[in-house]
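Student: Hey, dropping entry.tsv in here, TSV, C-alpha atoms:
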```tsv
chain	number	residue	atom	x	y	z
A	1	MET	CA	-69.50	-19.22	-61.60
A	2	VAL	CA	-67.88	-15.96	-60.61
A	3	VAL	CA	-64.68	-16.52	-58.72
A	4	VAL	CA	-64.50	-14.36	-55.66
A	5	LYS	CA	-61.52	-13.70	-53.45
A	6	GLU	CA	-62.64	-16.05	-50.68
A	7	THR	CA	-62.52	-19.01	-53.00
A	8	TYR	CA	-58.89	-18.33	-53.91
A	9	ARG	CA	-57.71	-19.66	-50.59
A	10	HIS	CA	-59.70	-22.80	-51.20
A	11	ILE	CA	-58.07	-23.14	-54.64
A	12	TRP	CA	-54.55	-22.70	-53.27
A	13	LYS	CA	-55.38	-25.47	-50.83
A	14	LEU	CA	-56.39	-27.75	-53.70
A	15	PHE	CA	-52.97	-27.34	-55.26
A	16	GLU	CA	-51.41	-28.92	-52.19
A	17	GLU	CA	-52.95	-32.15	-53.45
A	18	ILE	CA	-51.13	-32.10	-56.79
A	19	PRO	CA	-47.83	-33.95	-56.49
A	20	ASP	CA	-44.72	-33.52	-58.63
A	21	PRO	CA	-44.78	-36.57	-60.93
A	22	GLU	CA	-41.04	-37.22	-60.42
A	23	ILE	CA	-40.81	-36.34	-56.72
A	24	PRO	CA	-44.19	-37.29	-55.26
A	25	VAL	CA	-43.36	-36.02	-51.75
A	26	LEU	CA	-43.49	-32.48	-53.08
A	27	SER	CA	-46.65	-30.72	-54.22
A	28	ILE	CA	-46.66	-28.05	-56.89
A	29	LEU	CA	-47.25	-25.62	-54.06
A	30	ASP	CA	-44.12	-26.75	-52.19
A	31	LEU	CA	-42.10	-26.13	-55.33
A	32	GLY	CA	-43.44	-22.63	-55.79
A	33	ILE	CA	-44.56	-23.30	-59.34
A	34	VAL	CA	-47.96	-21.60	-58.96
A	35	ARG	CA	-47.27	-17.87	-58.98
A	36	ASP	CA	-50.73	-16.36	-59.06
A	37	ILE	CA	-54.43	-17.03	-59.20
A	38	SER	CA	-56.75	-14.42	-60.64
A	39	SER	CA	-59.89	-14.22	-62.69
A	40	GLU	CA	-60.87	-12.69	-65.98
A	41	GLY	CA	-64.64	-12.50	-66.07
A	42	GLU	CA	-65.83	-16.07	-65.70
A	43	THR	CA	-62.42	-17.59	-66.31
A	44	LEU	CA	-60.02	-18.59	-63.58
A	45	VAL	CA	-56.45	-17.76	-64.56
A	46	VAL	CA	-53.67	-19.77	-62.93
A	47	THR	CA	-50.17	-18.46	-63.59
A	48	ILE	CA	-47.34	-20.97	-63.31
A	49	THR	CA	-43.60	-20.83	-63.94
A	50	PRO	CA	-41.32	-23.63	-65.15
A	51	THR	CA	-38.60	-24.98	-62.85
A	52	TYR	CA	-36.03	-25.89	-65.48
A	53	SER	CA	-36.70	-24.69	-69.04
A	54	GLY	CA	-36.91	-28.20	-70.40
A	55	CYS	CA	-38.66	-29.74	-67.42
A	56	PRO	CA	-40.88	-32.43	-68.97
A	57	ALA	CA	-43.21	-32.28	-65.99
A	58	MET	CA	-44.57	-28.86	-66.95
A	59	ASN	CA	-47.23	-30.18	-69.31
A	60	GLN	CA	-48.20	-32.68	-66.66
A	61	PHE	CA	-48.57	-29.87	-64.11
A	62	GLU	CA	-50.83	-27.99	-66.47
A	63	ASP	CA	-53.04	-31.03	-67.08
A	64	ASP	CA	-53.16	-31.85	-63.37
A	65	ILE	CA	-54.16	-28.30	-62.43
A	66	VAL	CA	-56.99	-28.30	-64.97
A	67	ALA	CA	-58.15	-31.75	-63.90
A	68	LYS	CA	-58.07	-30.87	-60.19
A	69	LEU	CA	-60.08	-27.68	-60.73
A	70	LYS	CA	-62.62	-29.47	-62.91
A	71	GLU	CA	-63.05	-32.11	-60.23
A	72	ASN	CA	-63.97	-29.25	-57.94
A	73	GLY	CA	-66.52	-27.71	-60.23
A	74	ILE	CA	-64.42	-25.04	-61.88
A	75	ASP	CA	-64.63	-25.45	-65.65
A	76	ALA	CA	-63.48	-22.16	-67.16
A	77	ILE	CA	-59.72	-22.26	-66.64
A	78	ARG	CA	-56.75	-20.76	-68.38
A	79	VAL	CA	-53.20	-21.69	-67.40
A	80	ASN	CA	-50.72	-18.92	-68.05
A	81	MET	CA	-46.93	-19.31	-68.19
A	82	THR	CA	-44.59	-16.69	-66.79
A	83	TYR	CA	-40.78	-16.61	-66.77
A	84	ASP	CA	-40.32	-13.57	-64.62
A	85	PRO	CA	-39.05	-13.75	-61.94
A	86	PRO	CA	-37.16	-16.93	-62.87
A	87	TRP	CA	-37.83	-19.90	-60.66
A	88	THR	CA	-35.36	-20.55	-57.90
A	89	THR	CA	-34.86	-23.40	-55.47
A	90	ASP	CA	-35.01	-20.80	-52.69
A	91	TRP	CA	-38.81	-20.90	-53.07
A	92	ILE	CA	-38.98	-24.44	-51.75
A	93	SER	CA	-40.38	-24.25	-48.23
A	94	GLU	CA	-38.48	-25.41	-45.14
A	95	GLU	CA	-41.04	-28.08	-44.43
A	96	ALA	CA	-40.76	-29.36	-47.99
A	97	ARG	CA	-36.98	-29.51	-47.65
A	98	GLN	CA	-37.39	-31.76	-44.66
A	99	ARG	CA	-39.73	-34.02	-46.62
A	100	LEU	CA	-37.21	-34.16	-49.46
A	101	GLU	CA	-34.46	-35.28	-47.11
A	102	ASP	CA	-36.70	-37.91	-45.53
A	103	TYR	CA	-37.46	-39.15	-49.03
A	104	GLY	CA	-33.72	-39.61	-49.71
A	105	ILE	CA	-32.99	-36.50	-51.77
A	106	ALA	CA	-30.64	-33.93	-50.28
A	107	PRO	CA	-32.49	-30.60	-50.33
A	108	PRO	CA	-30.98	-27.55	-52.05
A	109	ILE	CA	-28.84	-25.35	-49.85
A	110	LYS	CA	-30.38	-21.90	-49.67
A	111	GLY	CA	-28.78	-18.92	-51.31
A	112	THR	CA	-26.10	-20.79	-53.19
A	113	GLU	CA	-27.32	-19.84	-56.62
A	114	ASP	CA	-24.08	-18.15	-57.55
A	115	LYS	CA	-21.78	-20.78	-56.24
A	116	GLY	CA	-20.92	-21.70	-59.81
A	117	VAL	CA	-17.45	-20.20	-60.05
A	118	LEU	CA	-15.49	-22.55	-62.20
A	119	PHE	CA	-13.73	-25.27	-60.24
A	120	LYS	CA	-14.82	-23.84	-56.94
A	121	GLU	CA	-18.09	-25.60	-57.20
A	122	LYS	CA	-17.58	-27.96	-54.32
A	123	VAL	CA	-20.84	-27.38	-52.54
A	124	ASN	CA	-20.08	-27.55	-48.88
A	125	ASN	CA	-22.42	-29.10	-46.41
A	126	VAL	CA	-24.52	-31.15	-48.79
A	127	ARG	CA	-25.73	-33.57	-46.20
A	128	CYS	CA	-26.13	-37.26	-46.90
A	129	PRO	CA	-29.85	-37.98	-46.51
A	130	VAL	CA	-29.04	-41.46	-45.17
A	131	CYS	CA	-26.33	-41.03	-42.48
A	132	LYS	CA	-26.43	-37.18	-42.28
A	133	SER	CA	-22.68	-36.89	-42.82
A	134	THR	CA	-21.49	-33.79	-44.66
A	135	ASN	CA	-18.42	-35.60	-45.94
A	136	THR	CA	-19.88	-35.91	-49.43
A	137	GLU	CA	-18.62	-35.55	-52.97
A	138	VAL	CA	-20.21	-34.57	-56.27
A	139	ILE	CA	-20.23	-37.33	-58.88
A	140	SER	CA	-22.01	-35.40	-61.61
A	141	GLN	CA	-23.75	-32.02	-61.79
A	142	PHE	CA	-26.42	-33.67	-63.93
A	143	GLY	CA	-28.60	-36.32	-62.36
A	144	SER	CA	-31.64	-38.47	-63.00
A	145	THR	CA	-33.87	-35.45	-63.67
A	146	ALA	CA	-33.10	-31.90	-64.82
A	147	CYS	CA	-33.32	-30.60	-61.26
A	148	LYS	CA	-30.91	-33.01	-59.60
A	149	ALA	CA	-27.18	-33.59	-59.28
A	150	LEU	CA	-25.56	-36.86	-58.29
A	151	TYR	CA	-23.57	-37.09	-55.05
A	152	LYS	CA	-21.84	-39.77	-53.04
A	153	CYS	CA	-21.42	-40.00	-49.28
A	154	GLU	CA	-17.79	-40.65	-48.34
A	155	ASP	CA	-18.77	-42.05	-44.95
A	156	CYS	CA	-21.63	-44.46	-45.61
A	157	LEU	CA	-20.71	-44.73	-49.31
A	158	GLU	CA	-24.31	-44.29	-50.39
A	159	PRO	CA	-24.84	-42.48	-53.70
A	160	PHE	CA	-27.70	-39.97	-53.53
A	161	ASP	CA	-29.51	-37.23	-55.43
A	162	TYR	CA	-29.03	-33.58	-54.56
A	163	PHE	CA	-31.72	-31.12	-55.59
A	164	LYS	CA	-29.47	-28.64	-57.30
A	165	CYS	CA	-29.71	-24.91	-56.74
A	166	ILE	CA	-30.66	-22.49	-59.42
B	1	MET	CA	-45.19	-7.33	-86.83
B	2	ASN	CA	-41.70	-6.22	-85.79
B	3	LYS	CA	-39.72	-8.20	-88.38
B	4	ASN	CA	-36.36	-7.41	-86.80
B	5	LEU	CA	-37.50	-8.63	-83.42
B	6	PHE	CA	-38.99	-11.78	-84.93
B	7	LYS	CA	-35.73	-12.68	-86.66
B	8	TYR	CA	-33.66	-11.86	-83.62
B	9	ILE	CA	-35.73	-14.19	-81.43
B	10	LEU	CA	-35.45	-16.91	-84.06
B	11	ARG	CA	-31.64	-16.65	-83.91
B	12	LEU	CA	-31.71	-17.23	-80.17
B	13	ALA	CA	-34.25	-20.03	-80.51
B	14	ASP	CA	-32.49	-21.77	-83.40
B	15	ASN	CA	-29.08	-21.79	-81.70
B	16	SER	CA	-30.61	-23.68	-78.79
B	17	LEU	CA	-32.88	-25.86	-80.90
B	18	ILE	CA	-30.21	-27.12	-83.28
B	19	LEU	CA	-27.53	-27.59	-80.63
B	20	GLY	CA	-30.08	-29.29	-78.39
B	21	HIS	CA	-31.10	-31.61	-81.20
B	22	ARG	CA	-27.47	-32.42	-81.98
B	23	LEU	CA	-26.87	-33.39	-78.37
B	24	SER	CA	-30.05	-35.46	-78.25
B	25	GLU	CA	-28.65	-37.61	-81.07
B	26	ASN	CA	-26.15	-38.84	-78.52
B	27	CYS	CA	-28.74	-40.05	-76.06
B	28	SER	CA	-27.67	-43.52	-74.84
B	29	LYS	CA	-24.31	-43.22	-76.61
B	30	GLY	CA	-22.40	-41.44	-73.83
B	31	PRO	CA	-19.04	-42.91	-72.81
B	32	TYR	CA	-20.46	-43.79	-69.38
B	33	LEU	CA	-23.75	-43.37	-67.56
B	34	GLU	CA	-23.16	-40.05	-65.80
B	35	GLU	CA	-21.88	-38.46	-68.97
B	36	ASP	CA	-24.78	-39.81	-70.98
B	37	ILE	CA	-27.14	-38.21	-68.48
B	38	SER	CA	-25.23	-34.92	-68.63
B	39	ILE	CA	-25.47	-34.78	-72.42
B	40	THR	CA	-29.20	-35.41	-72.44
B	41	ASN	CA	-29.83	-33.04	-69.53
B	42	THR	CA	-28.00	-30.30	-71.38
B	43	SER	CA	-29.99	-31.14	-74.49
B	44	LEU	CA	-33.22	-30.91	-72.52
B	45	ASP	CA	-32.33	-27.50	-71.10
B	46	LEU	CA	-31.52	-26.22	-74.58
B	47	LEU	CA	-34.73	-27.58	-76.10
B	48	GLY	CA	-36.68	-25.98	-73.26
B	49	GLN	CA	-35.01	-22.63	-73.91
B	50	ALA	CA	-35.69	-23.01	-77.63
B	51	GLU	CA	-39.35	-23.65	-76.93
B	52	GLU	CA	-39.64	-20.56	-74.74
B	53	PHE	CA	-38.11	-18.40	-77.45
B	54	LEU	CA	-40.20	-20.01	-80.21
B	55	ILE	CA	-43.43	-19.42	-78.29
B	56	TYR	CA	-42.45	-15.77	-78.06
B	57	ALA	CA	-41.41	-15.63	-81.74
B	58	ALA	CA	-44.81	-17.01	-82.75
B	59	GLU	CA	-46.51	-14.40	-80.61
B	60	VAL	CA	-44.45	-11.57	-82.13
B	61	GLU	CA	-45.13	-12.83	-85.65
B	62	GLY	CA	-48.84	-12.92	-84.91
B	63	THR	CA	-49.92	-14.88	-87.99
B	64	GLY	CA	-51.25	-17.87	-86.10
B	65	ARG	CA	-48.14	-19.98	-86.59
B	66	THR	CA	-47.25	-21.84	-83.39
B	67	ALA	CA	-43.90	-22.65	-81.79
B	68	ASP	CA	-44.20	-26.16	-83.25
B	69	ASP	CA	-44.87	-24.75	-86.73
B	70	LEU	CA	-41.71	-22.70	-86.43
B	71	ALA	CA	-39.64	-25.67	-85.33
B	72	TYR	CA	-41.06	-28.27	-87.69
B	73	LYS	CA	-42.30	-26.44	-90.79
B	74	ARG	CA	-39.57	-23.95	-91.62
B	75	PRO	CA	-37.13	-24.77	-94.42
B	76	GLU	CA	-33.35	-24.61	-94.00
B	77	ILE	CA	-33.00	-21.10	-95.42
B	78	GLU	CA	-35.27	-19.74	-92.70
B	79	PHE	CA	-33.14	-21.12	-89.88
B	80	TYR	CA	-30.73	-18.62	-88.32
B	81	ASN	CA	-28.66	-20.76	-85.96
B	82	VAL	CA	-24.90	-20.22	-86.18
B	83	GLN	CA	-23.19	-22.91	-88.24
B	84	LEU	CA	-21.18	-24.06	-85.22
B	85	THR	CA	-24.31	-25.56	-83.64
B	86	GLU	CA	-25.04	-27.84	-86.60
B	87	GLN	CA	-21.55	-29.38	-86.83
B	88	PRO	CA	-21.63	-33.17	-86.40
B	89	ASN	CA	-20.89	-35.24	-83.29
B	90	CYS	CA	-18.06	-37.18	-84.93
B	91	GLU	CA	-15.80	-37.29	-81.84
B	92	PHE	CA	-16.45	-36.71	-78.16
B	93	ALA	CA	-13.76	-34.02	-78.16
B	94	GLN	CA	-15.54	-32.29	-81.05
B	95	MET	CA	-18.80	-32.32	-79.14
B	96	MET	CA	-17.12	-30.81	-76.11
B	97	ALA	CA	-15.25	-28.13	-78.09
B	98	ARG	CA	-18.51	-27.15	-79.82
B	99	GLN	CA	-20.30	-27.10	-76.48
B	100	PHE	CA	-17.60	-25.08	-74.77
B	101	PHE	CA	-17.55	-22.42	-77.50
B	102	MET	CA	-21.36	-22.14	-77.43
B	103	ASP	CA	-21.71	-22.28	-73.63
B	104	ALA	CA	-19.16	-19.49	-73.18
B	105	PHE	CA	-20.99	-17.43	-75.81
B	106	ASN	CA	-24.43	-18.07	-74.32
B	107	TYR	CA	-23.16	-17.34	-70.83
B	108	TYR	CA	-22.08	-13.80	-71.71
B	109	LEU	CA	-24.92	-13.24	-74.14
B	110	TYR	CA	-27.62	-14.09	-71.60
B	111	SER	CA	-25.79	-12.16	-68.86
B	112	ALA	CA	-26.21	-9.09	-71.07
B	113	LEU	CA	-29.65	-9.92	-72.47
B	114	LYS	CA	-31.19	-10.29	-69.04
B	115	GLU	CA	-31.08	-6.48	-68.97
B	116	SER	CA	-32.89	-6.23	-72.34
B	117	SER	CA	-35.67	-3.65	-72.61
B	118	ASP	CA	-37.84	-6.45	-74.00
B	119	SER	CA	-39.19	-8.00	-70.83
B	120	THR	CA	-39.81	-11.47	-72.33
B	121	ILE	CA	-36.29	-11.74	-73.76
B	122	ALA	CA	-34.93	-10.49	-70.43
B	123	ALA	CA	-36.92	-13.07	-68.45
B	124	ILE	CA	-36.03	-16.04	-70.67
B	125	SER	CA	-32.38	-14.95	-70.64
B	126	ALA	CA	-32.28	-14.69	-66.85
B	127	LYS	CA	-33.73	-18.17	-66.62
B	128	SER	CA	-31.46	-19.65	-69.29
B	129	LEU	CA	-28.39	-18.12	-67.68
B	130	LYS	CA	-28.87	-20.25	-64.58
B	131	GLU	CA	-28.83	-23.38	-66.70
B	132	VAL	CA	-26.02	-22.30	-69.00
B	133	THR	CA	-23.81	-21.67	-65.96
B	134	TYR	CA	-23.91	-25.42	-65.26
B	135	HIS	CA	-23.33	-26.23	-68.93
B	136	LEU	CA	-20.29	-23.98	-69.17
B	137	ARG	CA	-18.74	-25.44	-66.07
B	138	ARG	CA	-19.08	-28.96	-67.40
B	139	SER	CA	-17.82	-28.29	-70.93
B	140	SER	CA	-14.87	-26.26	-69.58
B	141	GLU	CA	-13.93	-29.14	-67.32
B	142	TRP	CA	-13.95	-31.55	-70.24
B	143	VAL	CA	-11.75	-29.28	-72.38
B	144	ILE	CA	-9.28	-29.13	-69.49
B	145	ARG	CA	-9.50	-32.81	-68.64
B	146	LEU	CA	-8.88	-33.94	-72.19
B	147	GLY	CA	-6.39	-31.18	-73.03
B	148	ASP	CA	-4.33	-31.69	-69.90
B	149	GLY	CA	-4.73	-35.46	-70.10
B	150	THR	CA	-2.81	-38.09	-72.02
B	151	PRO	CA	-0.91	-37.25	-75.23
B	152	PHE	CA	-3.73	-39.03	-77.11
B	153	SER	CA	-6.58	-37.08	-75.48
B	154	LYS	CA	-4.63	-33.84	-75.83
B	155	ALA	CA	-4.16	-34.40	-79.57
B	156	LYS	CA	-7.88	-35.13	-79.97
B	157	MET	CA	-8.90	-32.01	-78.06
B	158	GLN	CA	-6.47	-29.78	-79.92
B	159	GLU	CA	-7.69	-31.16	-83.23
B	160	ALA	CA	-11.30	-30.44	-82.25
B	161	ILE	CA	-10.48	-26.87	-81.20
B	162	ASP	CA	-8.57	-26.33	-84.46
B	163	ASP	CA	-11.34	-27.84	-86.59
B	164	LEU	CA	-14.15	-25.79	-85.11
B	165	TRP	CA	-12.26	-22.54	-84.74
B	166	ARG	CA	-13.37	-21.26	-88.13
B	167	PHE	CA	-17.00	-21.31	-86.98
B	168	THR	CA	-16.47	-19.13	-83.90
B	169	SER	CA	-16.25	-15.63	-85.36
B	170	GLU	CA	-19.75	-16.01	-86.78
B	171	LEU	CA	-21.07	-15.91	-83.22
B	172	PHE	CA	-20.22	-12.22	-83.01
B	173	GLU	CA	-21.42	-11.03	-86.42
B	174	MET	CA	-23.87	-8.17	-86.37
B	175	ASP	CA	-26.07	-6.80	-89.11
B	176	GLU	CA	-28.79	-4.19	-89.56
B	177	ILE	CA	-31.16	-6.19	-87.34
B	178	ASP	CA	-28.73	-5.95	-84.44
B	179	GLU	CA	-28.16	-2.26	-85.07
B	180	ALA	CA	-31.86	-1.45	-85.08
B	181	LEU	CA	-32.58	-3.51	-81.97
B	182	ILE	CA	-29.52	-2.29	-80.06
B	183	SER	CA	-30.75	1.28	-80.46
B	184	GLU	CA	-34.04	0.21	-78.89
B	185	GLY	CA	-32.24	-1.49	-76.02
B	186	ILE	CA	-33.62	-4.89	-77.03
B	187	ALA	CA	-30.51	-6.55	-78.49
B	188	VAL	CA	-26.99	-6.30	-77.12
B	189	ASP	CA	-23.73	-5.26	-78.74
B	190	LEU	CA	-21.70	-8.40	-79.41
B	191	LYS	CA	-18.32	-6.67	-79.38
B	192	PRO	CA	-17.89	-6.59	-75.60
B	193	ILE	CA	-19.25	-10.12	-75.49
B	194	GLN	CA	-16.56	-11.19	-77.93
B	195	GLU	CA	-13.90	-9.74	-75.63
B	196	LEU	CA	-15.28	-11.61	-72.62
B	197	TRP	CA	-15.55	-14.78	-74.71
B	198	ASN	CA	-11.94	-14.44	-75.83
B	199	GLU	CA	-10.76	-13.97	-72.28
B	200	ARG	CA	-12.64	-17.03	-71.08
B	201	VAL	CA	-11.52	-19.19	-73.98
B	202	ASP	CA	-7.88	-18.15	-73.53
B	203	LYS	CA	-8.03	-18.90	-69.83
B	204	ILE	CA	-9.50	-22.37	-70.31
B	205	LEU	CA	-7.21	-23.27	-73.21
B	206	LYS	CA	-4.23	-22.24	-71.11
B	207	ARG	CA	-5.34	-24.42	-68.22
B	208	ALA	CA	-5.91	-27.22	-70.69
B	209	THR	CA	-2.36	-26.74	-72.04
B	210	LEU	CA	-3.86	-26.27	-75.50
B	211	THR	CA	-2.92	-23.73	-78.16
B	212	ARG	CA	-5.31	-21.07	-79.37
B	213	PRO	CA	-5.57	-21.52	-83.15
B	214	GLU	CA	-4.51	-18.79	-85.55
B	215	ASP	CA	-7.39	-16.88	-87.10
B	216	GLY	CA	-7.76	-17.89	-90.73
B	217	TYR	CA	-10.74	-18.59	-92.95
B	218	HIS	CA	-14.00	-17.92	-91.17
B	219	ALA	CA	-17.39	-19.39	-91.94
B	220	THR	CA	-20.27	-16.98	-92.35
B	221	GLY	CA	-23.81	-16.86	-93.69
B	222	SER	CA	-26.23	-18.06	-91.01
B	223	ARG	CA	-27.60	-14.55	-90.47
B	224	LYS	CA	-28.98	-14.88	-94.00
B	225	GLY	CA	-30.02	-18.50	-93.60
B	226	TYR	CA	-26.96	-20.03	-95.31
B	227	HIS	CA	-25.75	-23.21	-93.69
B	228	THR	CA	-23.29	-26.04	-93.97
B	229	GLU	CA	-24.55	-29.26	-95.54
B	230	TYR	CA	-25.30	-30.71	-92.09
B	231	LEU	CA	-28.37	-28.65	-91.26
B	232	GLY	CA	-30.46	-30.20	-94.03
B	233	TYR	CA	-29.88	-33.68	-92.61
B	234	ILE	CA	-30.75	-32.51	-89.11
B	235	LEU	CA	-34.03	-31.02	-90.31
B	236	ALA	CA	-34.83	-34.08	-92.41
B	237	GLU	CA	-34.80	-36.15	-89.25
B	238	MET	CA	-36.23	-33.58	-86.88
B	239	GLN	CA	-39.10	-32.51	-89.14
B	240	TYR	CA	-39.93	-35.85	-90.70
B	241	LEU	CA	-42.86	-36.79	-88.51
B	242	PRO	CA	-44.78	-33.49	-88.46
B	243	ARG	CA	-44.27	-33.11	-92.21
B	244	ALA	CA	-45.27	-36.66	-93.07
B	245	TYR	CA	-48.22	-36.69	-90.67
B	246	PRO	CA	-49.31	-33.04	-90.35
B	247	THR	CA	-52.34	-33.85	-88.22
B	248	ALA	CA	-50.48	-36.12	-85.80
B	249	GLU	CA	-50.85	-35.16	-82.17
B	250	TRP	CA	-48.71	-36.09	-79.19
```
So that I can check it, write out the structure of this file as structure tokens.
Tutor:
Amino acid sequence: MVVVKETYRHIWKLFEEIPDPEIPVLSILDLGIVRDISSEGETLVVTITPTYSGCPAMNQFEDDIVAKLKENGIDAIRVNMTYDPPWTTDWISEEARQRLEDYGIAPPIKGTEDKGVLFKEKVNNVRCPVCKSTNTEVISQFGSTACKALYKCEDCLEPFDYFKCI
Amino acid sequence: MNKNLFKYILRLADNSLILGHRLSENCSKGPYLEEDISITNTSLDLLGQAEEFLIYAAEVEGTGRTADDLAYKRPEIEFYNVQLTEQPNCEFAQMMARQFFMDAFNYYLYSALKESSDSTIAAISAKSLKEVTYHLRRSSEWVIRLGDGTPFSKAKMQEAIDDLWRFTSELFEMDEIDEALISEGIAVDLKPIQELWNERVDKILKRATLTRPEDGYHATGSRKGYHTEYLGYILAEMQYLPRAYPTAEW
């Protein structure tokens, strides 16, 4: 089949149905992993970008994209990888941030990419997803997956994941 | 093929690959859970960066070798990682000193390389820099925590810094490959990076109440593929499966 522009919108829509394997409340579209859809002759080219360099979910994303498109009758597919511009948590949509918090993961605070001055890293206003207090403390900058840090709420004492900013 | 470019990318890839592999050896052996996770997360970032560079190296070489071939089928003499990255994990303080020296180097290297005229190197560097910023913060904190800790932890940290010091000047060595690529705007001059590295290291050692070692004998050779005895053992383990079962698939 020849892919025409009108079908692109339909394809973008399909990607909403592909969840992140580690954080199923987010789709690959919410994360901003899919950068572009285009076509080369008969082949549909989907360009994606990795979140963290070593993110083990990337291969899964690729397989899921191919499977989803095949399910929908598109067989000639190439998945391209791009590193430029580098992925940033700022691409996660507002609505997705809300879903993250409801799921129990504190969403990344926008525009704090360069907060990393040594020893000034106390990220203010990371809000506890359980009791919504901002009286929270970092336990470790490295959490259960490459994209998360570990925090603790000083009020309700609940430990929680924070989707860390890059 | 641009041979200089190919070798230059391998240097970047191998530093991350070998250090990442070293850290992965400590998976499940961290002193406590959060630290164990930090070590493996850092390892994962480094292996991811190595893969990105190796994919590009394979493309530049253009002989049909893949990133996996480059990681698993090259002999020791064709690895160009600095010798610091292959030093063993004997003590936690040693691991942290090694990490701190490399993180500080990578931090300034990638800060400069993100402006490289080679758009792929620039893009991977910009991405890696975000991750390395977290790594550097953590390893710096450990150097300070152990250095400015108990007399026992301080002695361990100082010993680690002293032991590994001789491997640090190799980070800033440049040869004809660097010269050629610097003139094309692809590679970066390591002299200003050395100055920034020195400043950072001095600052952290001071906060850690540790003493900067005297410069003495310095290890060299990795630019030509010469390594300490440790690399062979790393490769023996890392490459065993693909070499023993060449048709094995994940």
Student: Compile the contact shell of region 11-17 of chain A as a list in words: residues with an atom at most 8 Å away, counting only C-alpha atoms, same-chain residues fewer than 5 positions apart removed.
Tutor: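 Counting only C-alpha atoms, the residues come to Ser27, Ile28, Leu29, Asp30, Ile65, Lys68 and Leu69 of chain A.
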Student: With only C-alpha atoms as the atoms that count, which of A:Ala96, A:Cys131, A:Cys55, A:Ile77 lies nearest to chain B?
Tutor: A:Cys55
Student: Within 7 Å of chain B, which residues of chain A are there when counting only C-alpha atoms? Please give them as a ChimeraX atom specification.
Tutor: /A:52-54,83-86,116,118,140,142-143,146,166
Student: Which value, in Å to one decimal, gives the distance between CA of Arg98 (chain B) and CA of Leu196 (chain B)?
Tutor: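 A separation of 17.4 Å between them.
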Student: Have a look at CA of Arg78 (chain A) and CA of Glu62 (chain A) and let me know their distance in Å, one decimal.
Tutor: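 Going from CA of Arg78 (chain A) over to CA of Glu62 (chain A) covers 9.5 Å.
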Student: What's around Ala76 (chain A) at 8 Å? Count only C-alpha atoms, leave out sequence neighbours fewer than 4 positions away in its own chain, and write the answer as an MDAnalysis selection string.
Tutor: chainID A and resid 42:44
Student: Store the residues picked out above in a file with C-alpha atoms, as an mmCIF file, keeping the file's coordinate frame.
Tutor:
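Listed below is the output, part.cif:
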```
data_model
loop_
_atom_site.group_PDB
_atom_site.id
_atom_site.type_symbol
_atom_site.label_atom_id
_atom_site.label_comp_id
_atom_site.auth_asym_id
_atom_site.auth_seq_id
_atom_site.Cartn_x
_atom_site.Cartn_y
_atom_site.Cartn_z
ATOM 1 C CA GLU A 42 -65.830 -16.070 -65.700
ATOM 2 C CA THR A 43 -62.420 -17.590 -66.310
ATOM 3 C CA LEU A 44 -60.020 -18.590 -63.580
#
```
Student: Take the point (-53.1, -19.1, -61.9) in the file's coordinates, draw a sphere of radius 9 Å around it, and report as a list of chain:residue names every protein, DNA or RNA residue with an atom inside or on it, counting all atoms listed in the file.
Tutor: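 Applying the cut-off with all atoms listed in the file, one gets A:Val34, A:Arg35, A:Asp36, A:Ile37, A:Ser38, A:Ser39, A:Leu44, A:Val45, A:Val46, A:Thr47, A:Ile48, A:Ile77, A:Arg78, A:Val79, A:Asn80, A:Met81.
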Student: What would the file look like if the residues just selected were written as a compact mmCIF listing (two decimals), in the coordinates of the input with C-alpha atoms?
Tutor:
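Now in selection09.txt:
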```
# COMPACT_ATOMS: atom_id res chain seq x y z
CA VAL A 34 -47.96 -21.60 -58.96
CA ARG A 35 -47.27 -17.87 -58.98
CA ASP A 36 -50.73 -16.36 -59.06
CA ILE A 37 -54.43 -17.03 -59.20
CA SER A 38 -56.75 -14.42 -60.64
CA SER A 39 -59.89 -14.22 -62.69
CA LEU A 44 -60.02 -18.59 -63.58
CA VAL A 45 -56.45 -17.76 -64.56
CA VAL A 46 -53.67 -19.77 -62.93
CA THR A 47 -50.17 -18.46 -63.59
CA ILE A 48 -47.34 -20.97 -63.31
CA ILE A 77 -59.72 -22.26 -66.64
CA ARG A 78 -56.75 -20.76 -68.38
CA VAL A 79 -53.20 -21.69 -67.40
CA ASN A 80 -50.72 -18.92 -68.05
CA MET A 81 -46.93 -19.31 -68.19
```
Student: Under the rule that only C-alpha atoms are counted, which of A:Ile33, A:Val66, A:Leu150, A:Ile18 is the nearest residue to Thr82 (chain A)?
Tutor: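 Smallest distance to Thr82 (chain A) is found for A:Ile33.
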Student: Quick check, in Å to one decimal: how far apart do CA of Asp63 (chain A) and CA of Trp250 (chain B) lie?
Tutor: 13.8 Å
Student: Scan for residues within 10 Å of the point (-45.8, -34.5, -60.9) in the coordinates of the file, using all atoms listed in the file, and reply as a ChimeraX atom specification.
Tutor: /A:18-28,56-62,64
Student: Can you work out which one of A:Tyr8, A:Val138, A:Asp102, A:Asp155 has the shortest atom-to-atom distance to Ile74 (chain A), counting only C-alpha atoms?
Tutor: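 Going through A:Tyr8, A:Val138, A:Asp102, A:Asp155 one by one, the smallest distance to Ile74 (chain A) is for A:Tyr8.
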Student: Determine, counting only C-alpha atoms, which protein, DNA and RNA residues have an atom within 7 Å of an atom of Ala187 (chain B); residues of the same chain fewer than 5 positions away are not included. Present the result as a list in words.
Tutor: Leu113, Ser116, Asp178, Leu181 and Ile182 of chain B
Student: Would you please work out which residue, of B:Asp118, B:Asp68, B:Glu25, B:Asp148, is nearest to Glu184 (chain B) when using only C-alpha atoms?
Tutor: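 Once distances to Glu184 (chain B) are computed over only C-alpha atoms, the minimum belongs to B:Asp118.
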